[in-house]
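The block underneath contains the structure these notes are about, expressed in structure tokens.
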Amino acid sequence: MSYRARRFWALVLLLVGMPLYIALAVTVMNLMGRPHILIELAVYIVLGVAWILPFKFVFRGVGKEDPDAIGDDHPR
């Protein structure tokens with residue numbers, strides 16, 4: 001996947017995918033009832049890390065300069 005495509009999909013995932021995932025996680029936790037606070041915290045931590053694992057390749061290197069750019073005259 002090209003650098004520009006990774007940047008685009010990373011933005012889509014952060015602006016659309018993450019809020020949907022948060023709503024899903026909160027809904028699932030509400031369906032479970034109210035567990036002990038430490039169990040609830042552990043579940044939220046696991047869910048907070050688990051969403052990114054399938055998309056790790058999309059975010060890798062997005063915050064760095066475009067490796068395919070030639071010279072300083074490329075658009076940013």
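Residue numbers start at 1 in each chain; chains themselves are named A, B, ... in the order of the structure tokens; ligands are numbered from 1 in the order shown.
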
Item checked: Residues within 12 Å of Arg4 of chain A, only C-alpha atoms, excluding chain neighbours under 6 positions, as a ChimeraX atom specification -> /A:10-11,58-59,61-69,75-76

Can I get the selected residues back with N, CA and C atoms, as a tab-separated table (two decimals), in the first residue's frame?
chain	number	residue	atom	x	y	z
A	10	ALA	N	-5.53	5.61	7.47
A	10	ALA	CA	-5.30	5.88	8.88
A	10	ALA	C	-6.25	6.97	9.37
A	11	LEU	N	-6.45	7.99	8.57
A	11	LEU	CA	-7.37	9.06	8.93
A	11	LEU	C	-8.80	8.56	9.01
A	58	VAL	N	-1.31	-0.22	8.66
A	58	VAL	CA	-1.79	1.05	8.10
A	58	VAL	C	-1.11	2.22	8.78
A	59	PHE	N	-0.91	2.14	10.09
A	59	PHE	CA	-0.35	3.26	10.85
A	59	PHE	C	1.17	3.30	10.85
A	61	GLY	N	4.64	4.14	10.06
A	61	GLY	CA	5.36	5.13	9.27
A	61	GLY	C	4.53	6.29	8.78
A	62	VAL	N	3.28	6.42	9.18
A	62	VAL	CA	2.42	7.49	8.67
A	62	VAL	C	2.88	8.85	9.16
A	63	GLY	N	3.44	8.94	10.35
A	63	GLY	CA	3.86	10.22	10.90
A	63	GLY	C	5.20	10.70	10.40
A	64	LYS	N	5.85	9.92	9.55
A	64	LYS	CA	7.16	10.29	9.02
A	64	LYS	C	7.01	10.88	7.63
A	65	GLU	N	8.11	11.40	7.09
A	65	GLU	CA	8.10	11.95	5.74
A	65	GLU	C	7.79	10.85	4.73
A	66	ASP	N	7.24	11.25	3.60
A	66	ASP	CA	6.93	10.32	2.53
A	66	ASP	C	8.23	9.72	2.00
A	67	PRO	N	8.40	8.40	2.13
A	67	PRO	CA	9.64	7.79	1.67
A	67	PRO	C	9.78	7.79	0.15
A	68	ASP	N	8.68	7.98	-0.59
A	68	ASP	CA	8.73	7.99	-2.05
A	68	ASP	C	8.94	9.38	-2.63
A	69	ALA	N	8.95	10.40	-1.78
A	69	ALA	CA	9.10	11.79	-2.25
A	69	ALA	C	10.53	12.02	-2.73
A	75	PRO	N	4.49	18.09	-2.57
A	75	PRO	CA	3.43	18.66	-1.72
A	75	PRO	C	3.30	17.92	-0.42
A	76	ARG	N	2.99	18.64	0.62
A	76	ARG	CA	2.87	18.04	1.95
A	76	ARG	C	1.43	17.85	2.30

Item checked: Those of segment 3-73 of chain A in DSSP helix (DSSP H, G or I), formatted as a PyMOL selection string -> chain A and resi 3-32+37-50+53-59

Please produce a file of those selected residues containing N, CA and C atoms, as a compact mmCIF listing (two decimals), in the first residue's frame.
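Result file out.txt:
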# COMPACT_ATOMS: atom_id res chain seq x y z
N TYR A 3 2.19 5.16 0.51
CA TYR A 3 2.22 6.04 1.68
C TYR A 3 0.96 6.89 1.74
N ARG A 4 0.54 7.45 0.60
CA ARG A 4 -0.66 8.30 0.59
C ARG A 4 -1.91 7.50 0.93
N ALA A 5 -2.00 6.27 0.45
CA ALA A 5 -3.15 5.43 0.76
C ALA A 5 -3.16 5.08 2.25
N ARG A 6 -1.99 4.78 2.82
CA ARG A 6 -1.91 4.48 4.25
C ARG A 6 -2.34 5.69 5.07
N ARG A 7 -1.91 6.89 4.67
CA ARG A 7 -2.32 8.10 5.38
C ARG A 7 -3.82 8.30 5.32
N PHE A 8 -4.42 8.09 4.14
CA PHE A 8 -5.85 8.24 3.98
C PHE A 8 -6.60 7.24 4.86
N TRP A 9 -6.22 5.97 4.81
CA TRP A 9 -6.92 4.95 5.58
C TRP A 9 -6.70 5.11 7.07
N ALA A 10 -5.53 5.61 7.47
CA ALA A 10 -5.30 5.88 8.88
C ALA A 10 -6.25 6.97 9.37
N LEU A 11 -6.45 7.99 8.57
CA LEU A 11 -7.37 9.06 8.93
C LEU A 11 -8.80 8.56 9.01
N VAL A 12 -9.21 7.74 8.04
CA VAL A 12 -10.56 7.17 8.05
C VAL A 12 -10.75 6.31 9.30
N LEU A 13 -9.76 5.48 9.61
CA LEU A 13 -9.86 4.62 10.80
C LEU A 13 -9.98 5.44 12.07
N LEU A 14 -9.22 6.52 12.16
CA LEU A 14 -9.27 7.34 13.38
C LEU A 14 -10.55 8.15 13.50
N LEU A 15 -11.06 8.66 12.39
CA LEU A 15 -12.23 9.53 12.45
C LEU A 15 -13.56 8.79 12.38
N VAL A 16 -13.58 7.62 11.77
CA VAL A 16 -14.83 6.87 11.62
C VAL A 16 -14.78 5.56 12.42
N GLY A 17 -13.73 4.79 12.19
CA GLY A 17 -13.63 3.47 12.80
C GLY A 17 -13.50 3.49 14.31
N MET A 18 -12.68 4.38 14.83
CA MET A 18 -12.48 4.42 16.27
C MET A 18 -13.75 4.80 17.04
N PRO A 19 -14.48 5.84 16.64
CA PRO A 19 -15.73 6.13 17.36
C PRO A 19 -16.74 4.98 17.29
N LEU A 20 -16.83 4.31 16.15
CA LEU A 20 -17.73 3.16 16.05
C LEU A 20 -17.29 2.04 16.98
N TYR A 21 -15.99 1.80 17.05
CA TYR A 21 -15.47 0.75 17.92
C TYR A 21 -15.72 1.11 19.39
N ILE A 22 -15.55 2.36 19.74
CA ILE A 22 -15.80 2.79 21.12
C ILE A 22 -17.27 2.58 21.48
N ALA A 23 -18.17 2.95 20.57
CA ALA A 23 -19.60 2.75 20.82
C ALA A 23 -19.92 1.26 20.97
N LEU A 24 -19.30 0.43 20.15
CA LEU A 24 -19.51 -1.01 20.26
C LEU A 24 -18.97 -1.56 21.58
N ALA A 25 -17.78 -1.12 21.98
CA ALA A 25 -17.19 -1.59 23.24
C ALA A 25 -18.04 -1.19 24.43
N VAL A 26 -18.53 0.04 24.44
CA VAL A 26 -19.36 0.50 25.55
C VAL A 26 -20.70 -0.25 25.57
N THR A 27 -21.26 -0.50 24.40
CA THR A 27 -22.51 -1.26 24.33
C THR A 27 -22.33 -2.67 24.87
N VAL A 28 -21.24 -3.33 24.48
CA VAL A 28 -20.96 -4.68 24.97
C VAL A 28 -20.77 -4.67 26.48
N MET A 29 -20.07 -3.69 26.99
CA MET A 29 -19.85 -3.60 28.44
C MET A 29 -21.17 -3.35 29.18
N ASN A 30 -22.06 -2.56 28.58
CA ASN A 30 -23.36 -2.32 29.21
C ASN A 30 -24.22 -3.57 29.22
N LEU A 31 -24.11 -4.40 28.20
CA LEU A 31 -24.86 -5.65 28.15
C LEU A 31 -24.37 -6.64 29.20
N MET A 32 -23.11 -6.55 29.57
CA MET A 32 -22.53 -7.45 30.57
C MET A 32 -22.98 -7.09 31.98
N ILE A 37 -14.85 -3.07 39.32
CA ILE A 37 -14.17 -1.97 38.64
C ILE A 37 -12.84 -2.39 38.02
N LEU A 38 -12.10 -3.29 38.67
CA LEU A 38 -10.81 -3.74 38.11
C LEU A 38 -11.01 -4.61 36.88
N ILE A 39 -12.06 -5.43 36.90
CA ILE A 39 -12.37 -6.25 35.72
C ILE A 39 -12.80 -5.35 34.57
N GLU A 40 -13.62 -4.37 34.87
CA GLU A 40 -14.06 -3.42 33.85
C GLU A 40 -12.88 -2.66 33.26
N LEU A 41 -11.97 -2.22 34.11
CA LEU A 41 -10.78 -1.52 33.65
C LEU A 41 -9.94 -2.42 32.75
N ALA A 42 -9.75 -3.67 33.16
CA ALA A 42 -8.96 -4.61 32.36
C ALA A 42 -9.59 -4.84 30.99
N VAL A 43 -10.91 -4.99 30.96
CA VAL A 43 -11.60 -5.20 29.69
C VAL A 43 -11.43 -3.99 28.77
N TYR A 44 -11.58 -2.79 29.32
CA TYR A 44 -11.40 -1.59 28.50
C TYR A 44 -9.96 -1.45 28.01
N ILE A 45 -8.99 -1.82 28.81
CA ILE A 45 -7.59 -1.76 28.37
C ILE A 45 -7.35 -2.75 27.24
N VAL A 46 -7.85 -3.97 27.40
CA VAL A 46 -7.68 -4.99 26.35
C VAL A 46 -8.38 -4.54 25.07
N LEU A 47 -9.60 -4.05 25.18
CA LEU A 47 -10.32 -3.58 24.00
C LEU A 47 -9.64 -2.36 23.37
N GLY A 48 -9.05 -1.52 24.19
CA GLY A 48 -8.37 -0.34 23.68
C GLY A 48 -7.12 -0.67 22.89
N VAL A 49 -6.47 -1.76 23.22
CA VAL A 49 -5.28 -2.18 22.48
C VAL A 49 -5.67 -3.09 21.31
N ALA A 50 -6.70 -3.89 21.49
CA ALA A 50 -7.06 -4.90 20.49
C ALA A 50 -7.54 -4.30 19.18
N LEU A 53 -4.55 -3.72 16.57
CA LEU A 53 -3.72 -4.82 16.08
C LEU A 53 -3.99 -5.20 14.62
N PRO A 54 -5.23 -5.30 14.16
CA PRO A 54 -5.43 -5.64 12.74
C PRO A 54 -4.99 -4.52 11.79
N PHE A 55 -4.88 -3.30 12.28
CA PHE A 55 -4.58 -2.16 11.42
C PHE A 55 -3.17 -1.61 11.63
N LYS A 56 -2.34 -2.37 12.28
CA LYS A 56 -0.99 -1.91 12.60
C LYS A 56 -0.21 -1.51 11.34
N PHE A 57 -0.38 -2.26 10.27
CA PHE A 57 0.34 -1.97 9.03
C PHE A 57 -0.08 -0.64 8.41
N VAL A 58 -1.31 -0.22 8.66
CA VAL A 58 -1.79 1.05 8.10
C VAL A 58 -1.11 2.22 8.78
N PHE A 59 -0.91 2.14 10.09
CA PHE A 59 -0.35 3.26 10.85
C PHE A 59 1.17 3.30 10.85
